[in-house]
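J.: Below you'll find model.cif; it's mmCIF, C-alpha atoms.
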data_start
#
loop_
_atom_site.label_atom_id
_atom_site.label_comp_id
_atom_site.auth_asym_id
_atom_site.auth_seq_id
_atom_site.Cartn_x
_atom_site.Cartn_y
_atom_site.Cartn_z
CA MET A 560 -19.83 -70.14 -78.64
CA SER A 561 -17.69 -73.20 -78.79
CA GLY A 562 -14.82 -71.29 -77.05
CA LEU A 563 -17.01 -70.23 -74.15
CA ILE A 564 -18.31 -73.72 -73.81
CA CYS A 565 -14.76 -74.99 -73.64
CA LEU A 566 -13.85 -72.46 -70.96
CA THR A 567 -16.80 -73.46 -68.86
CA THR A 568 -15.70 -77.02 -69.00
CA GLU A 569 -12.11 -76.17 -68.01
CA SER A 570 -11.28 -75.93 -64.26
CA ILE A 571 -9.53 -72.46 -64.28
CA TRP A 572 -9.08 -70.38 -60.96
CA PHE A 573 -9.66 -66.79 -62.02
CA ASP A 574 -9.71 -65.23 -58.45
CA LYS A 575 -6.55 -66.90 -57.15
CA ASN A 576 -4.88 -63.52 -56.23
CA ARG A 577 -7.76 -62.52 -54.02
CA TYR A 578 -7.76 -65.84 -52.24
CA ASP A 579 -3.98 -65.67 -51.75
CA GLU A 580 -4.25 -62.23 -50.19
CA ALA A 581 -7.05 -63.38 -47.88
CA GLU A 582 -5.02 -66.43 -46.85
CA LYS A 583 -1.98 -64.24 -46.13
CA ARG A 584 -4.03 -61.95 -43.90
CA PHE A 585 -5.51 -64.90 -42.06
CA TYR A 586 -2.11 -66.39 -41.21
CA GLU A 587 -0.77 -62.98 -40.22
CA GLY A 588 -3.66 -62.64 -37.79
CA VAL A 589 -2.94 -66.08 -36.34
CA ASN A 590 0.87 -66.07 -36.26
CA GLY A 591 1.56 -62.32 -35.94
CA PRO A 592 3.17 -59.92 -38.44
CA THR A 593 5.76 -61.08 -40.85
CA THR A 594 9.47 -60.50 -40.53
CA GLN A 595 9.31 -57.50 -42.86
CA GLN A 596 6.65 -55.80 -40.76
CA GLN A 597 8.64 -56.52 -37.60
CA GLN A 598 11.67 -54.96 -39.18
CA SER A 599 9.68 -51.84 -40.13
CA SER A 600 8.36 -51.59 -36.57
CA SER A 601 11.87 -52.00 -35.22
CA HIS A 602 13.11 -49.21 -37.49
CA ALA A 603 10.33 -46.91 -36.22
CA GLY A 604 11.25 -47.68 -32.59
CA ASP A 605 14.93 -46.98 -33.29
CA HIS A 606 14.02 -43.64 -34.83
CA GLU A 607 11.98 -42.67 -31.76
CA LEU A 608 14.84 -43.72 -29.46
CA VAL A 609 17.32 -41.58 -31.44
CA SER A 610 14.99 -38.58 -31.16
CA ARG A 611 14.70 -38.99 -27.40
CA MET A 612 18.47 -39.31 -27.03
CA LYS A 613 18.99 -36.10 -28.98
CA SER A 614 16.51 -34.22 -26.77
CA LEU A 615 18.25 -35.56 -23.65
CA GLU A 616 21.59 -34.38 -24.99
CA LEU A 617 20.19 -30.89 -25.54
CA GLU A 618 18.81 -30.81 -21.99
CA ASN A 619 22.14 -32.02 -20.66
CA GLN A 620 23.97 -29.22 -22.48
CA THR A 621 21.56 -26.62 -21.10
CA LEU A 622 21.96 -27.91 -17.54
CA HIS A 623 25.72 -27.93 -17.94
CA LYS A 624 25.63 -24.29 -19.01
CA VAL A 625 23.51 -23.33 -15.99
CA VAL A 626 25.90 -25.15 -13.63
CA VAL A 627 28.87 -23.31 -15.13
CA GLU A 628 27.15 -19.93 -14.65
CA MET A 629 26.26 -20.78 -11.04
CA ARG A 630 29.84 -21.79 -10.31
CA ALA A 631 31.12 -18.49 -11.73
CA ALA A 632 28.67 -16.52 -9.59
CA LEU A 633 29.66 -18.51 -6.49
CA GLN A 634 33.34 -17.82 -7.13
CA LYS A 635 32.65 -14.07 -7.42
CA LEU A 636 30.73 -14.17 -4.15
CA GLU A 637 33.54 -16.02 -2.38
CA SER A 638 36.04 -13.46 -3.69
CA ARG A 639 33.98 -10.57 -2.32
CA VAL A 640 33.64 -12.28 1.08
CA THR A 641 37.38 -12.82 1.20
CA VAL A 642 38.06 -9.17 0.41
CA LEU A 643 35.63 -8.03 3.10
CA GLU A 644 37.20 -10.32 5.68
CA LYS A 645 40.69 -9.00 4.91
CA SER A 646 39.70 -5.32 4.99
CA PRO A 647 40.18 -3.64 8.41
CA ALA A 648 37.12 -2.79 10.50
CA PRO A 649 36.10 0.89 10.59
CA ALA A 650 37.55 2.79 13.48
CA ALA A 651 35.23 3.38 16.37
CA ILE A 652 33.83 6.87 16.73
CA PRO A 653 35.67 8.60 19.52
CA ALA A 654 33.53 9.36 22.49
CA ALA A 655 32.50 12.92 23.01
CA LYS A 656 34.80 14.78 25.24
CA ALA A 657 33.44 15.35 28.67
CA ALA A 658 32.75 18.90 29.53
CA PRO A 659 35.41 20.30 31.80
CA VAL A 660 34.35 20.61 35.36
CA LYS A 661 34.78 24.06 36.64
CA GLN A 662 36.59 23.99 39.88
CA VAL A 663 35.48 26.38 42.55
CA LYS A 664 38.19 27.58 44.80
CA VAL A 665 37.05 28.02 48.34
CA GLU A 666 39.08 30.30 50.44
CA ASN A 667 38.81 30.43 54.15
CA GLY A 668 39.14 33.88 55.50
CA ASP A 669 37.43 36.75 57.11
CA ASP A 670 35.27 37.73 54.02
CA ASP A 671 32.01 36.22 55.35
CA ASP A 672 30.52 39.68 55.72
CA ASP A 673 30.48 40.11 51.91
CA ILE A 674 28.02 37.21 51.35
CA ASP A 675 24.41 38.30 50.57
CA LEU A 676 22.21 35.92 52.50
CA PHE A 677 18.92 37.49 51.31
CA GLY A 678 19.55 37.58 47.53
CA SER A 679 17.82 34.20 46.96
CA ASP A 680 14.52 35.48 48.35
CA GLU A 681 14.40 38.26 45.76
CA GLU A 682 15.06 35.77 42.95
CA ASP A 683 12.27 33.47 44.19
CA GLU A 684 9.81 36.35 44.29
CA GLU A 685 10.71 37.35 40.71
CA ALA A 686 10.27 33.79 39.44
CA GLU A 687 6.92 33.51 41.21
CA ARG A 688 5.76 36.80 39.67
CA ILE A 689 6.71 35.67 36.15
CA LYS A 690 4.95 32.32 36.67
CA GLN A 691 1.78 34.06 37.85
CA GLU A 692 1.79 36.41 34.83
CA ARG A 693 2.09 33.45 32.44
CA LEU A 694 -0.80 31.64 34.13
CA GLU A 695 -3.01 34.71 33.89
CA ALA A 696 -2.13 35.18 30.20
CA TYR A 697 -2.97 31.52 29.47
CA ALA A 698 -6.29 31.78 31.30
CA ALA A 699 -7.23 34.93 29.38
CA LYS A 700 -6.33 33.33 26.05
CA LYS A 701 -8.37 30.24 26.87
CA ALA A 702 -11.37 32.34 27.92
CA LYS A 703 -11.44 34.04 24.50
CA LYS A 704 -11.95 30.72 22.67
CA PRO A 705 -15.64 29.82 22.18
CA ALA A 706 -16.63 26.72 24.09
CA LEU A 707 -17.80 23.74 22.03
CA ILE A 708 -21.48 23.00 22.51
CA ALA A 709 -22.41 19.33 22.49
CA LYS A 710 -25.46 18.73 20.30
CA SER A 711 -27.51 15.70 19.29
CA SER A 712 -29.95 14.89 16.50
CA ILE A 713 -33.09 13.08 17.74
CA LEU A 714 -35.78 11.39 15.62
CA LEU A 715 -39.08 11.02 17.50
CA ASP A 716 -42.06 8.76 16.72
CA VAL A 717 -45.28 10.39 17.98
CA LYS A 718 -48.23 7.96 17.83
CA PRO A 719 -51.91 9.08 17.86
CA TRP A 720 -54.81 7.28 19.51
CA ASP A 721 -56.57 6.16 16.34
CA ASP A 722 -57.07 6.88 12.65
CA GLU A 723 -59.51 9.72 13.42
CA THR A 724 -56.87 11.86 15.17
CA ASP A 725 -56.12 15.15 13.40
CA MET A 726 -52.44 14.64 12.53
CA ALA A 727 -51.98 18.27 11.44
CA LYS A 728 -53.19 19.44 14.86
CA LEU A 729 -50.95 16.82 16.50
CA GLU A 730 -47.88 18.15 14.69
CA GLN A 731 -48.85 21.70 15.61
CA CYS A 732 -48.99 20.70 19.26
CA VAL A 733 -45.59 19.00 19.07
CA ARG A 734 -43.95 22.04 17.46
CA SER A 735 -45.49 24.28 20.08
CA VAL A 736 -43.05 22.80 22.61
CA GLN A 737 -40.34 25.47 22.77
CA MET A 738 -37.32 25.67 25.07
CA ASP A 739 -33.77 26.95 25.07
CA GLY A 740 -31.50 24.61 23.09
CA LEU A 741 -34.31 22.97 21.05
CA LEU A 742 -34.73 23.30 17.27
CA TRP A 743 -37.44 21.39 15.38
CA GLY A 744 -36.68 20.03 11.92
CA ALA A 745 -38.40 18.07 9.13
CA SER A 746 -41.34 15.74 9.72
CA LYS A 747 -43.43 13.19 7.86
CA LEU A 748 -46.34 10.81 8.38
CA VAL A 749 -45.50 7.11 8.39
CA PRO A 750 -48.24 4.43 8.05
CA VAL A 751 -48.51 2.09 11.03
CA GLY A 752 -51.49 -0.09 10.12
CA TYR A 753 -55.28 -0.16 10.00
CA GLY A 754 -55.29 3.35 8.53
CA ILE A 755 -53.30 4.79 11.46
CA LYS A 756 -50.27 6.97 10.79
CA LYS A 757 -47.58 8.17 13.18
CA LEU A 758 -45.75 11.50 13.11
CA GLN A 759 -42.00 11.11 12.64
CA ILE A 760 -40.28 14.40 13.44
CA ASN A 761 -36.62 15.39 13.74
CA CYS A 762 -35.07 17.87 16.17
CA VAL A 763 -31.64 19.13 17.23
CA VAL A 764 -30.97 19.71 20.92
CA GLU A 765 -28.13 20.98 23.08
CA ASP A 766 -27.19 18.12 25.38
CA ASP A 767 -26.66 20.34 28.43
CA LYS A 768 -30.07 21.98 28.12
CA VAL A 769 -32.55 19.50 26.60
CA GLY A 770 -32.92 15.75 27.14
CA THR A 771 -35.20 13.07 25.71
CA ASP A 772 -37.07 12.70 29.01
CA ILE A 773 -38.20 16.30 29.13
CA LEU A 774 -39.20 16.16 25.44
CA GLU A 775 -41.38 13.10 25.99
CA GLU A 776 -42.90 14.66 29.09
CA GLU A 777 -43.81 17.91 27.32
CA ILE A 778 -45.23 16.20 24.20
CA THR A 779 -47.36 13.68 26.10
CA LYS A 780 -49.11 16.56 27.87
CA PHE A 781 -51.24 16.83 24.72
CA GLU A 782 -53.09 13.69 25.74
CA ASP A 783 -56.06 14.41 23.49
CA TYR A 784 -53.88 13.77 20.45
CA VAL A 785 -50.76 11.91 21.61
CA GLN A 786 -50.82 8.30 22.77
CA SER A 787 -47.03 7.75 23.14
CA VAL A 788 -43.62 9.14 22.16
CA ASP A 789 -40.64 6.94 21.25
CA VAL A 790 -37.05 7.80 20.33
CA ALA A 791 -36.48 6.26 16.87
CA ALA A 792 -32.88 7.48 16.43
CA PHE A 793 -30.30 9.38 18.50
CA ASN A 794 -27.04 10.65 16.99
CA LYS A 795 -24.32 12.91 18.35
CA ILE A 796 -23.42 15.88 16.16
#
Translate this file's structure into structure tokens.

T.:
Amino acid sequence: MSGLICLTTESIWFDKNRYDEAEKRFYEGVNGPTTQQQQSSSHAGDHELVSRMKSLELENQTLHKVVVEMRAALQKLESRVTVLEKSPAPAAIPAAKAAPVKQVKVENGDDDDDIDLFGSDEEDEEAERIKQERLEAYAAKKAKKPALIAKSSILLDVKPWDDETDMAKLEQCVRSVQMDGLLWGASKLVPVGYGIKKLQINCVVEDDKVGTDILEEEITKFEDYVQSVDVAAFNKI
């Protein structure tokens, strides 16, 4: 106990190292890093600079290699151009020889009686006969081919007067319209509104024989059932 009492009475600085370290950090914050730290930073910067210089040297070597290859290719190209310029041009193709002109020797004499002045008429008649035979053969061949019949597909909308109209009877009346070149197809009932349905019916017609006007005229004759007829679709076949 006497020793501890003596130590308490002595003025001893036990935490001096901690305070020294704190003081050092304070002055570094105020005055900047020490010379040793600056030197370490400088060494790091020098190392980075050396690395960049090495990478630049590698790039320079690569570019130099590319330039050398391009120069070699350019020299080859110049050599080929020079050879082509020195080589003679291909000879022109000689023009086709003109056909020899047959010379007709005309002799003046007393042989005019030997000339047939009516031979040309016989040749003209023969040519006309051959031409006429060919025309007749062409006409006969064309007549044998079946003529194309123009047809159309028509979709009609047949509307009744009201919802009490007998639609089955209405369709029967529509299909009763028969004429040359008319063929009825499928049909269906399409709702219009307020319980009313319209008859949508398809037909195929020959254009030269049946038109939409005559169809509408014949169907609207059934005025007890049909209010109106409209063409919903018209397509050429």

J.: Leaving out segment 756-762 of chain A and any residue of its chain fewer than 3 positions from it, which residues lie within 6 Å of it when counting all atoms listed in the file, given as a list in words?

T.: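 The neighbour list is Ser712, Ile713, Leu714, Leu715, Asp716, Val717, Lys718, Leu742, Trp743, Gly744, Ala745, Ser746, Lys747, Leu748, Val749, Pro750 and Val751 of chain A.
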
J.: With all atoms listed in the file as the atoms that count, which of A:Thr771, A:Lys645, A:Tyr753, A:Lys690 lies nearest to Ala791 of chain A?

T.: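 Between A:Thr771, A:Lys645, A:Tyr753, A:Lys690, the residue approaching Ala791 of chain A most closely is A:Thr771.
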
J.: Let me make sure I understand: among A:Glu587, A:Asp783, A:Glu616, A:Glu682, which one has the smallest atom-to-atom distance to Trp720 of chain A if we use all atoms listed in the file?

T.: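 Using all atoms listed in the file, Trp720 of chain A sits closest to A:Asp783.
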
J.: Atom CA of Gly770 of chain A and atom CA of Leu729 of chain A are how many Å apart?

T.: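 Interatomic distance here is 21.0 Å.
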
J.: Would you please work out which residue, of A:Asp725, A:Glu692, A:Glu765, A:Glu684, is nearest to Ser711 of chain A when using only C-alpha atoms?

T.: A:Glu765

J.: I'd like the residues picked by the PyMOL selection byres ((chain A and resi 786) around 10) written out as a list in words, using the chain letters and numbers from the file.

T.: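 Output of the PyMOL selection byres ((chain A and resi 786) around 10): Val717, Lys718, Pro719, Trp720, Asp721, Ile778, Thr779, Lys780, Phe781, Glu782, Asp783, Tyr784, Val785, Ser787 and Val788 of chain A.
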
J.: So the first atom is atom CA of Leu741 of chain A and the second is atom CA of Val763 of chain A; what is the distance between them in Å, to one decimal place?

T.: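 Atom CA of Leu741 of chain A sits 6.0 Å away from atom CA of Val763 of chain A.
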